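Chemist: One structure, as structure tokens, below. Some questions next.
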Amino acid sequence: MKIIDVDGIVLNDTNYSESSKILNVLTKEYGLIGVMSKGCRNIKSKLSGVSRKLVYGTFHIYYKEKGLSTLIGVDIINDFSNIEKDLMRISYASYILDLTRQVLRESDDSEIYNILVSTLIKINEGLDPLALTNILEVKFLDYLGVKPSLDQCTLCGNSDDIVTLSSSSGGLVCGSCHTDEALVNIKSVQMIRMYYYVDIDKITKLDVSDEVKNDINNFLDDYYERYTGLYLKSKDFIKKVNMLN
């Protein structure tokens with residue numbers, strides 16, 4: 001094994017033996033790797049505070065290409081303190097990490113790492129967690145192989161007179177093809193296209209109305225259910241937290 005330093009984020013952790021954990025760390029250079037954090041469950045261990053979900057930093061590890069690597073230490077890049085102290089933000093962050101794990105089963109594209117980290121940073125900065133989560137969800141559909149039609153009518157290819165967004169039809173629907181699909185605010189159509197193309201790092205504010213956010217979120221919830229087969233308990237938890245608020 002060789003010692004490497006690599007930027008990464010812990011997607012999830014699993015207890016191992018009486019005192020250790022196995023971390024699934026998404027890294028910039030090596031993709032998703034399994035890392036053994038020995039003795040981290042002991043309070044006095046220097047690894048105890050960095051061996052958990054959502055830790056983002058430079059990981060110093062004994063790297064093993066096949067099998068489990070071993071954690072030496074972590075230098076935190078961003079502690080996501082604003083996420084950690086807010087139940088709503090932490091619920092969105094948890095879902096985003098869970099969704100990323102599922103997407104990585106279909107694709108190991110390095111851009112997935114960039115999308116994840118950029119989204120979490122913006123949530124930590126205080127931008128709307130629902131809108132940012134939806135932006136990530138739209139972008140991830142590419143890597144799941146089920147991107148909706150967002151540039152033209154999914155039924156006829158017409159790019160003019162778009163009247164609604166339909167999960168059952170697979171994306172945008174024009175006036176000529178529209179039958180019984182529920183109509184959405186035309187701003188929702190424009191905004192979901194922006195979600196797909198926007199560079200998350202360049203977002204400084206997200207001024208999206210509740211109506212538009214609800215249109216897009218409802219579309220994505222139904223679209224994911226129809227075309228990805230993914231069911232994540234962390235998404236249900238978001239709904240429960242929203243009900244409390």
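Scheme for the structure tokens: letters A, B, ... for chains in order shown; per-chain residue numbers from 1; ligand numbers from 1 in order shown.
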Would you list the contacts of segment 21-31 of chain A as a ChimeraX atom specification, taking every protein, DNA or RNA residue within 7 Å and counting only C-alpha atoms, but skipping same-chain residues closer than 3 positions in sequence?
Modeler: /A:6-16,34-38,40,51,108,110,113
Chemist: Applying 8 Å and only C-alpha atoms, which residues near segment 161-167 of chain A remain after dropping the ones on its own chain fewer than 2 positions away? List them as JSON, numbers by chain.
Modeler: {"A": [152, 153, 158, 159, 169, 170, 171, 172, 173, 174, 175, 178, 181, 182, 183, 184, 185, 186, 189, 219, 220, 222, 223, 226]}
Chemist: So how many Å separate atom CA of Ser48 of chain A and atom CA of Val241 of chain A, to one decimal?
Modeler: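 Distance reported for this atom pair: 28.2 Å.
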Chemist: Fewer than 4 positions away in the same chain doesn't count, so skip those; otherwise give me all residues within 8 Å of Ile96 of chain A, counting only C-alpha atoms, as a compact mmCIF listing (two decimals) with all heavy atoms, in the first residue's frame.
Modeler:
# COMPACT_ATOMS: atom_id res chain seq x y z
N TYR A 92 -31.73 17.55 3.95
CA TYR A 92 -31.46 17.62 2.51
C TYR A 92 -30.06 17.08 2.20
O TYR A 92 -29.88 16.35 1.22
CB TYR A 92 -31.58 19.07 2.01
CG TYR A 92 -33.00 19.47 1.68
CD1 TYR A 92 -33.73 20.27 2.55
CD2 TYR A 92 -33.62 19.04 0.52
CE1 TYR A 92 -35.02 20.64 2.27
CE2 TYR A 92 -34.91 19.40 0.22
CZ TYR A 92 -35.62 20.20 1.10
OH TYR A 92 -36.92 20.55 0.81
N THR A 100 -26.43 10.31 -4.20
CA THR A 100 -25.13 10.21 -4.88
C THR A 100 -24.61 8.78 -4.88
O THR A 100 -24.09 8.28 -5.90
CB THR A 100 -24.10 11.14 -4.21
OG1 THR A 100 -24.57 12.50 -4.27
CG2 THR A 100 -22.75 11.05 -4.91
N LEU A 116 -21.89 17.24 -6.38
CA LEU A 116 -22.20 17.00 -4.97
C LEU A 116 -21.59 18.06 -4.07
O LEU A 116 -22.28 18.69 -3.26
CB LEU A 116 -21.70 15.61 -4.56
CG LEU A 116 -21.73 15.31 -3.05
CD1 LEU A 116 -23.15 15.31 -2.53
CD2 LEU A 116 -21.03 13.99 -2.76
N THR A 133 -31.25 21.12 -4.17
CA THR A 133 -31.43 19.67 -4.29
C THR A 133 -32.06 19.32 -5.63
O THR A 133 -31.65 18.34 -6.29
CB THR A 133 -32.31 19.14 -3.14
OG1 THR A 133 -31.64 19.39 -1.90
CG2 THR A 133 -32.55 17.65 -3.27
Chemist: Quote the spacing between atom CA of Gly39 of chain A and atom CA of Leu97 of chain A in Å to one decimal place.
Modeler: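 One can read the atom CA of Gly39 of chain A to atom CA of Leu97 of chain A distance as 24.2 Å.
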Chemist: Counting only C-alpha atoms, figure out which residue out of A:Thr228, A:Glu65, A:Ser168, A:Glu125 gets nearest to Gly145 of chain A.
Modeler: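 So, comparing all the options, the nearest one is A:Thr228.
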Chemist: Just list as a PyMOL selection string whatever in segment 5-244 of chain A DSSP marks as helix (DSSP H, G or I).
Modeler: chain A and resi 48-50+81-84+87-104+111-124+129-144+186-197+200-202+210-227+233-244
Chemist: Contacts of Ile77 of chain A at 12 Å or less, counting only C-alpha atoms, minus same-chain residues fewer than 4 places along, as a list in words?
Modeler: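 Surrounding residues, per the criterion: Val6, Asp7, Gly8, Ile9, Val50, Leu54, Val55, Tyr56, Gly57, Thr58, Phe59, Ser81, Val117 and Ile121 of chain A.
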Chemist: What separation in Å, quoted to one decimal, exists between atom CA of Ile33 of chain A and atom CA of Ser91 of chain A?
Modeler: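 Between atom CA of Ile33 of chain A and atom CA of Ser91 of chain A the gap is 23.9 Å.
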Chemist: Considering only C-alpha atoms, return as a PyMOL selection string whatever protein or nucleic-acid residues lie within 10 Å of Ile4 of chain A, sequence-local ones (same chain, fewer than 5 positions apart) excluded.
Modeler: chain A and resi 58-64+72
